[in-house]
Amino acid sequence: MAAWPISPGNRFKRSWETEAMAIADEAAAYYINDEHSRIFGETENIPGWQAVGDSEKLYEAAFYNGAVILEIGTYGGRSAVVELRGALAGLTARATGRSPQFYGLDIEPQAIARTHATLVKHDLSDHAILFHGGLEAFRRMIPITPTMVFGDGDHAYAGVWSDLRNLTDFLAPGTPVLCHDFAQIEGVTRAVNEWVASGYY
């Protein structure tokens, strides 16, 4: 697990190496592609909370792992747009001929409605299934094997721990799991640290 605290001058760090990292031009080594360099600015007016590094990391994760995206907590669709744009770019770059599939779940009906409107506005709704409910109910109705997970739902310890424990039961080895607000909210920090200490992550 890697985490970089928010601080002046702190930069996004790549997690998946590519040939670009050996390029002398810093901008070319830093970003996967031109869209990656613009993704925060092009999505900052969508409802949701993201730092620049959040957007860049979600895009990168989806570029390399976005065949089947599971998002726990959608709020307004901002991260969904970032992830789907990264996934589409990654699958196109690798010429797989497949289309990414996004599954977003939230217990708030307003979040589902906002996210749906955002995905329609950005022409991404064909790649998405939204589910009103929690992770346990979702798994019973829609059994999937995600290739990446973004956790940004309940921020209380018990809720985060419940979601992480549920993930333990069905994630394939090596699946990246990104947890938002890890450094900012004690309940998230504690649950993630305990999940890591359990030896599964």
# chains A, B, ... in the order shown; residues from 1 in each chain; ligands from 1

$ select_by_dssp --residues "segment 19-169 of chain A" --states "strand (DSSP E)" --output "list in words"
Val68, Ile69, Leu70, Glu71, Ile72, Gln101, Phe102, Tyr103, Gly104, Leu105, Asp106, Ala128, Ile129, Leu130, Phe131, His132, Met148, Val149, Phe150 and Gly151 of chain A

$ write_last_selection --atoms "N, CA, C and O atoms" --output "compact mmCIF listing (two decimals), in the first residue's frame"
# COMPACT_ATOMS: atom_id res chain seq x y z
N VAL A 68 -13.60 -3.89 -15.43
CA VAL A 68 -14.81 -4.01 -14.60
C VAL A 68 -14.57 -3.18 -13.34
O VAL A 68 -13.85 -3.59 -12.43
N ILE A 69 -15.15 -1.99 -13.31
CA ILE A 69 -14.93 -1.04 -12.22
C ILE A 69 -16.08 -1.14 -11.21
O ILE A 69 -17.25 -1.07 -11.59
N LEU A 70 -15.74 -1.30 -9.94
CA LEU A 70 -16.74 -1.25 -8.88
C LEU A 70 -16.47 -0.02 -8.03
O LEU A 70 -15.37 0.16 -7.53
N GLU A 71 -17.51 0.81 -7.90
CA GLU A 71 -17.38 2.02 -7.07
C GLU A 71 -18.42 1.97 -5.97
O GLU A 71 -19.61 1.84 -6.23
N ILE A 72 -17.95 2.09 -4.74
CA ILE A 72 -18.82 2.09 -3.57
C ILE A 72 -18.98 3.53 -3.11
O ILE A 72 -18.04 4.12 -2.57
N GLN A 101 -16.89 -1.76 -18.13
CA GLN A 101 -18.18 -1.77 -17.45
C GLN A 101 -18.00 -1.18 -16.06
O GLN A 101 -17.16 -1.65 -15.29
N PHE A 102 -18.79 -0.17 -15.75
CA PHE A 102 -18.75 0.51 -14.45
C PHE A 102 -19.98 0.09 -13.66
O PHE A 102 -21.10 0.13 -14.16
N TYR A 103 -19.75 -0.31 -12.40
CA TYR A 103 -20.84 -0.60 -11.48
C TYR A 103 -20.71 0.36 -10.30
O TYR A 103 -19.71 0.32 -9.58
N GLY A 104 -21.70 1.23 -10.13
CA GLY A 104 -21.67 2.19 -9.04
C GLY A 104 -22.82 1.94 -8.09
O GLY A 104 -23.98 1.78 -8.52
N LEU A 105 -22.54 1.89 -6.80
CA LEU A 105 -23.61 1.68 -5.85
C LEU A 105 -23.58 2.75 -4.77
O LEU A 105 -22.52 3.27 -4.42
N ASP A 106 -24.77 3.09 -4.29
CA ASP A 106 -24.89 4.10 -3.24
C ASP A 106 -26.19 3.86 -2.50
O ASP A 106 -27.19 3.43 -3.11
N ALA A 128 -22.39 1.94 -17.87
CA ALA A 128 -22.60 1.97 -16.42
C ALA A 128 -23.89 1.30 -15.99
O ALA A 128 -24.92 1.38 -16.66
N ILE A 129 -23.82 0.65 -14.84
CA ILE A 129 -24.98 0.14 -14.13
C ILE A 129 -24.92 0.73 -12.73
O ILE A 129 -23.89 0.62 -12.04
N LEU A 130 -26.00 1.40 -12.32
CA LEU A 130 -26.06 2.02 -11.00
C LEU A 130 -27.02 1.22 -10.12
O LEU A 130 -28.07 0.77 -10.58
N PHE A 131 -26.64 1.07 -8.86
CA PHE A 131 -27.40 0.23 -7.94
C PHE A 131 -27.68 1.01 -6.67
O PHE A 131 -26.76 1.50 -6.02
N HIS A 132 -28.96 1.09 -6.30
CA HIS A 132 -29.35 1.75 -5.06
C HIS A 132 -29.34 0.71 -3.94
O HIS A 132 -30.20 -0.15 -3.86
N MET A 148 -10.98 -3.46 -10.60
CA MET A 148 -10.53 -2.40 -9.70
C MET A 148 -11.72 -1.96 -8.86
O MET A 148 -12.87 -2.14 -9.25
N VAL A 149 -11.42 -1.41 -7.68
CA VAL A 149 -12.46 -0.95 -6.76
C VAL A 149 -12.09 0.44 -6.27
O VAL A 149 -10.92 0.70 -5.92
N PHE A 150 -13.09 1.33 -6.22
CA PHE A 150 -12.91 2.63 -5.58
C PHE A 150 -13.91 2.72 -4.45
O PHE A 150 -15.12 2.70 -4.66
N GLY A 151 -13.41 2.79 -3.20
CA GLY A 151 -14.26 2.89 -2.03
C GLY A 151 -14.37 4.33 -1.56
O GLY A 151 -13.38 4.93 -1.16

$ residues_around --residues "Ala113 of chain A" --least-positions-apart "2" --cutoff "10 Å" --atoms "only C-alpha atoms" --output "VMD selection string"
chain A and resid 74 to 77 108 to 111 115 to 118 130 132

$ select_by_dssp --residues "segment 83-127 of chain A" --states "alpha helix (DSSP H)" --output "count of residues only"
24

$ residues_around --residues "segment 154-161 of chain A" --least-positions-apart "2" --cutoff "9 Å" --atoms "only C-alpha atoms" --output "list of chain:residue names"
A:Ile72, A:Gly73, A:Gly151, A:Asp152, A:Asp163, A:Leu164, A:Arg165, A:Asn166, A:Asp181, A:Ile185, A:Glu186, A:Gly187, A:Val188, A:Thr189, A:Arg190, A:Ala191, A:Val192, A:Glu194, A:Trp195

$ residues_around --residues "segment 54-61 of chain A" --least-positions-apart "4" --cutoff "6 Å" --atoms "only C-alpha atoms" --output "list in words"
Phe40, Gln50, Asn65, Val82, Glu83 and Gly86 of chain A

$ write_last_selection --atoms "all heavy atoms" --output "CSV table (one decimal), in the first residue's frame"
chain,number,residue,atom,x,y,z
A,40,PHE,N,-8.3,16.4,-14.3
A,40,PHE,CA,-8.8,17.1,-13.2
A,40,PHE,C,-9.6,18.4,-13.6
A,40,PHE,O,-10.8,18.6,-13.2
A,40,PHE,CB,-7.7,17.6,-12.2
A,40,PHE,CG,-8.3,18.4,-11.1
A,40,PHE,CD1,-8.9,17.8,-10.0
A,40,PHE,CD2,-8.2,19.8,-11.1
A,40,PHE,CE1,-9.3,18.5,-8.9
A,40,PHE,CE2,-8.6,20.5,-10.0
A,40,PHE,CZ,-9.2,19.9,-9.0
A,50,GLN,N,-12.6,16.0,-5.1
A,50,GLN,CA,-11.3,15.4,-5.5
A,50,GLN,C,-10.2,16.4,-5.5
A,50,GLN,O,-10.4,17.5,-5.9
A,50,GLN,CB,-11.4,14.8,-6.9
A,50,GLN,CG,-12.2,13.5,-7.0
A,50,GLN,CD,-12.3,12.9,-8.4
A,50,GLN,OE1,-11.5,13.2,-9.2
A,50,GLN,NE2,-13.3,12.1,-8.6
A,65,ASN,N,-6.5,-1.0,-15.3
A,65,ASN,CA,-7.3,-2.0,-14.6
A,65,ASN,C,-8.8,-1.8,-14.8
A,65,ASN,O,-9.6,-2.4,-14.0
A,65,ASN,CB,-7.0,-2.0,-13.1
A,65,ASN,CG,-5.5,-2.1,-12.8
A,65,ASN,OD1,-5.0,-3.2,-12.9
A,65,ASN,ND2,-4.9,-1.0,-12.5
A,82,VAL,N,-14.2,10.1,-14.5
A,82,VAL,CA,-12.7,10.0,-14.5
A,82,VAL,C,-12.3,8.6,-14.8
A,82,VAL,O,-11.5,8.3,-15.7
A,82,VAL,CB,-12.1,10.5,-13.2
A,82,VAL,CG1,-10.6,10.2,-13.2
A,82,VAL,CG2,-12.3,12.0,-13.0
A,83,GLU,N,-12.9,7.6,-14.1
A,83,GLU,CA,-12.6,6.2,-14.2
A,83,GLU,C,-12.9,5.7,-15.6
A,83,GLU,O,-12.1,5.0,-16.2
A,83,GLU,CB,-13.3,5.4,-13.1
A,83,GLU,CG,-12.8,5.6,-11.7
A,83,GLU,CD,-13.7,5.3,-10.6
A,83,GLU,OE1,-14.9,4.9,-10.9
A,83,GLU,OE2,-13.4,5.4,-9.5
A,86,GLY,N,-10.6,7.0,-18.2
A,86,GLY,CA,-9.3,6.3,-18.1
A,86,GLY,C,-9.4,4.9,-18.7
A,86,GLY,O,-8.5,4.4,-19.4

$ residues_around --residues "Ala87 of chain A" --least-positions-apart "6" --cutoff "8 Å" --atoms "only C-alpha atoms" --output "PDB file with C-alpha atoms, in the first residue's frame"
ATOM      1  CA  TYR A  59      -7.597   7.766 -14.217  1.00  0.00           C
ATOM      2  CA  ALA A  62      -8.703   2.654 -14.622  1.00  0.00           C
ATOM      3  CA  PHE A  63      -6.392   2.997 -17.628  1.00  0.00           C
ATOM      4  CA  TYR A  64      -4.587  -0.166 -16.546  1.00  0.00           C
ATOM      5  CA  ASN A  65      -7.341  -2.013 -14.629  1.00  0.00           C
ATOM      6  CA  GLY A  66     -10.685  -0.610 -15.771  1.00  0.00           C
ATOM      7  CA  ALA A  67     -12.336  -3.544 -17.502  1.00  0.00           C
ATOM      8  CA  PRO A 100     -15.331  -1.191 -19.872  1.00  0.00           C
TER       9      PRO A 100
END

$ closest_residue --among "A:Ala197, A:Ile39, A:Leu91, A:Ile32" --to "Ser79 of chain A" --atoms "only C-alpha atoms"
A:Ile39

$ atom_distance --atom1 "atom CA of Leu135 of chain A" --atom2 "atom CA of Leu119 of chain A"
21.0 Å

$ atom_distance --atom1 "atom CA of Lys13 of chain A" --atom2 "atom CA of Tyr31 of chain A"
9.7 Å

$ atom_distance --atom1 "atom CA of Arg139 of chain A" --atom2 "atom CA of Asp169 of chain A"
10.3 Å
